[in-house]
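The structure appears below as structure tokens.
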Amino acid sequence: MPVTLFRNIACLVLGGTADTPMQELPALEDAFLLVEDGKIKDFGPMANCPPNAAQTIELNGNYLFPSWCDSHTHLVFAESREKEFVDRIRGLSYEEIARRGGGILNSARKLQQAEEQELLERALMRVEEVISYGTGALEIKSGYGLTVESELKMLRVIRSVKERVNIPVKATFLGAHALPPEYKADRQGYLRLITEEMLPRISGEGLADYIDVFCEKGFFSLEEAIQVIEAGARHGLRAKVHTNQFNSLGCIQACVERNALTVDHLEVINEEEIQSLKNSDTLATLLPSAPFFIGGHYQPARRMLDAGLPVALATDYNPGSTPSGKMQFVLSLACIKCGMLPEEAIKAATIMGAKAMELQDDYGSIEKGKAANFFVTPPMPSLAYLPYAFGSDLVERAYIRGELVADKRR
């Protein structure tokens, strides 16, 4: 792989580290970036720029950002759910649609019927799409299977995605996404299926990096969520948990006590929960495109940040509540609806997203020795223009390990 020199970068956004204040987003004006063997070899002001390399790319007026690290997606699914979109327009709530057999159970029925190869082909198309939007690291959950074989099928698809793409992909087992109808009168029976049948097979085949559970009214209770989290821990799977989307049930404190990696959604959060997270190793991950699409409270990011709590941002890409993997729009929502500053939102979607997947040592910022995953924008008047211009696609070019993988100039 040739050495590539990117010259005359108007603004090189370095991204900072995961343990510095969220407002701190180091950047260099009039800079260069040197890439060798897929990694960042050097960077700095143009005054220190080395001679032309084997390949030299001029970026006069362009901004360069570390790739987005999207730590919460459900992008393996069989079909879209636009009928439910229309149902919500007509006044049905998320919970009402779920009670009618829509929502997660709708996706589960469709996925159970789909062939593994078909699921893989569609997932690869979606991954290619999000890479073109600037994403350079990704988490994908199961949870639309809800049977032993279908959950395994989903996780095998995710493994195949990992093998076929040049970005890191983390797999999360979400068997406790919803209760299958056949277990309506036997909740513990389904939990035993997860803990005694699914988990041993998943662990034995090395199909998952993490475990998840949807702790919410109408889905899984706090006690049931704890069962799943602790069972996952026995199989070496750290928890990344759906919680506080509609109600506060005490799951955040339970996750902190059990050293969960992240708690995700958090549309509803109280001061006690904020303080619990603040003094822990559990990272808050916010998904503002979910309330944008289905309605409801936006995450109180400003209150969380003002309390000194770091946060990550992710897309929640899924067919029911967020049919989009476009991180730039998530940043716009985080600023417009959640009160985040542009610097905070960019940091939350890069280095903090990497931390939410335990990838911060190699991804999420521009540092020597890290993977050369980044994207280039057209000339912009300022850094804040990225979330400000919510209707424009400002990811002009995407690079993975220093190689151009998407170019929208053509």
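Following the order of the structure tokens, first chain is A, next is B, and so on, with residues numbered from 1 inside each chain and ligands from 1 in the order they appear.
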For region 10-49 of chain A against region 360-363 of chain A, with a cut-off of 12 Å and counting only C-alpha atoms, what is the closest atom pair and its distance in Å to one decimal for every residue that makes the cut, ordered by chain and number, as a tab-separated table?
```
residue	atom	partner	partner_atom	distance
A:Leu14	CA	A:Tyr363	CA	11.4
A:Gly15	CA	A:Tyr363	CA	10.4
A:Gly16	CA	A:Gln360	CA	10.6
A:Thr17	CA	A:Gln360	CA	8.2
A:Ala18	CA	A:Gln360	CA	7.5
A:Asp19	CA	A:Gln360	CA	10.5
A:Gly38	CA	A:Asp362	CA	11.5
A:Lys39	CA	A:Asp362	CA	9.3
A:Ile40	CA	A:Asp362	CA	10.2
```
Output N, CA and C atoms of each residue in that selection to a file, as a PDB file, in the first residue's frame.
```
ATOM      1  N   LEU A  14      -8.919  16.538  14.983  1.00  0.00           N
ATOM      2  CA  LEU A  14      -8.201  15.421  15.609  1.00  0.00           C
ATOM      3  C   LEU A  14      -9.118  14.557  16.458  1.00  0.00           C
ATOM      4  N   GLY A  15     -10.065  15.165  17.138  1.00  0.00           N
ATOM      5  CA  GLY A  15     -11.065  14.398  17.877  1.00  0.00           C
ATOM      6  C   GLY A  15     -10.811  14.252  19.359  1.00  0.00           C
ATOM      7  N   GLY A  16      -9.557  14.365  19.799  1.00  0.00           N
ATOM      8  CA  GLY A  16      -9.283  14.278  21.227  1.00  0.00           C
ATOM      9  C   GLY A  16      -9.336  12.851  21.753  1.00  0.00           C
ATOM     10  N   THR A  17      -9.367  12.748  23.069  1.00  0.00           N
ATOM     11  CA  THR A  17      -9.384  11.444  23.731  1.00  0.00           C
ATOM     12  C   THR A  17     -10.678  11.266  24.511  1.00  0.00           C
ATOM     13  N   ALA A  18     -10.954  10.023  24.897  1.00  0.00           N
ATOM     14  CA  ALA A  18     -12.223   9.709  25.549  1.00  0.00           C
ATOM     15  C   ALA A  18     -12.272  10.178  26.997  1.00  0.00           C
ATOM     16  N   ASP A  19     -11.155  10.575  27.564  1.00  0.00           N
ATOM     17  CA  ASP A  19     -11.148  10.961  28.975  1.00  0.00           C
ATOM     18  C   ASP A  19     -10.954  12.463  29.189  1.00  0.00           C
ATOM     19  N   GLY A  38      -2.119   1.744   5.907  1.00  0.00           N
ATOM     20  CA  GLY A  38      -3.457   1.812   6.475  1.00  0.00           C
ATOM     21  C   GLY A  38      -3.547   2.505   7.813  1.00  0.00           C
ATOM     22  N   LYS A  39      -2.437   3.052   8.290  1.00  0.00           N
ATOM     23  CA  LYS A  39      -2.430   3.722   9.589  1.00  0.00           C
ATOM     24  C   LYS A  39      -1.935   5.155   9.464  1.00  0.00           C
ATOM     25  N   ILE A  40      -2.269   5.944  10.465  1.00  0.00           N
ATOM     26  CA  ILE A  40      -1.825   7.327  10.495  1.00  0.00           C
ATOM     27  C   ILE A  40      -0.369   7.352  10.936  1.00  0.00           C
TER      28      ILE A  40
END
```
Margin query: For the structure I just gave you, how does DSSP split region 221-313 of chain A - specifically, which residues are helix (DSSP H, G or I)? Reply as a ChimeraX atom specification.
Written below: /A:222-234,251-257,271-278,289-294,301-306
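Listed by chain and then by rising number, the residues of region 207-298 of chain A that DSSP assigns to strand (DSSP E) from the backbone are A:Tyr210, A:Ile211, A:Asp212, A:Val213, A:Phe214, A:Cys215, A:Arg238, A:Ala239, A:Lys240, A:Val241, A:His242, A:Thr243, A:Thr262, A:Val263, A:Asp264, A:His265, A:Leu283, A:Ala284, A:Thr285, A:Leu286.
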How would the residues just picked look written out with C-alpha atoms as a compact mmCIF listing (two decimals), in the first residue's frame?
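The resulting file, out_7.txt, is shown below:
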```txt
# COMPACT_ATOMS: atom_id res chain seq x y z
CA TYR A 210 -21.73 -8.26 23.90
CA ILE A 211 -25.19 -8.98 25.31
CA ASP A 212 -28.22 -6.68 25.37
CA VAL A 213 -31.77 -6.65 26.78
CA PHE A 214 -34.66 -4.23 26.25
CA CYS A 215 -35.60 -3.18 29.79
CA ARG A 238 -20.32 -7.53 28.72
CA ALA A 239 -23.68 -5.75 28.60
CA LYS A 240 -24.84 -2.94 26.30
CA VAL A 241 -28.42 -2.34 27.43
CA HIS A 242 -31.55 -0.71 25.94
CA THR A 243 -33.10 1.23 28.82
CA THR A 262 -23.13 1.17 27.89
CA VAL A 263 -26.72 2.09 28.60
CA ASP A 264 -28.52 3.19 25.45
CA HIS A 265 -31.52 5.42 24.63
CA LEU A 283 -21.11 5.06 29.12
CA ALA A 284 -24.39 6.79 28.26
CA THR A 285 -25.27 6.36 24.57
CA LEU A 286 -27.93 8.65 23.09
```
Checklist line | For Glu82 (chain A): contacts at 12 Å, only C-alpha atoms, fewer than 4 positions along chain excluded, given as a list of chain:residue names | finding: A:Val86, A:Asp87, A:Arg88, A:Ile89, A:Gly102, A:Gly103, A:Asn106, A:Ser107, A:Phe293, A:Ile294, A:Asn318, A:Pro319, A:Gly320, A:Ser321, A:Thr322, A:Pro323
Margin query: Here is a test: counting only C-alpha atoms, which residue of A:Gln117, A:Thr4, A:Ala398, A:Thr350 is nearest to Asp42 (chain A)?
Written below: A:Thr4
Next item on the list: For CA of Arg302 (chain A) and CA of Gln245 (chain A), determine how far apart the two atoms are, in Å to one decimal place.
Entry: 17.2 Å
Check: Quick one: residues within 8 Å of Ile131 (chain A), only C-alpha atoms counted, chain neighbours fewer than 4 positions away excluded, as number ranges by chain?
Finding: A: 127, 135-136, 398, 405-406
Note to self: Show me, as a PyMOL selection string, the residues that have an atom within 9 Å of Phe219 (chain A) when counting only C-alpha atoms, minus same-chain residues fewer than 3 positions from it.
What the structure shows: chain A and resi 176-179+214-216
Next item on the list: May I ask for the distance between CA of Pro66 (chain A) and CA of Ala53 (chain A), given in Å to one decimal place?
Entry: 21.4 Å
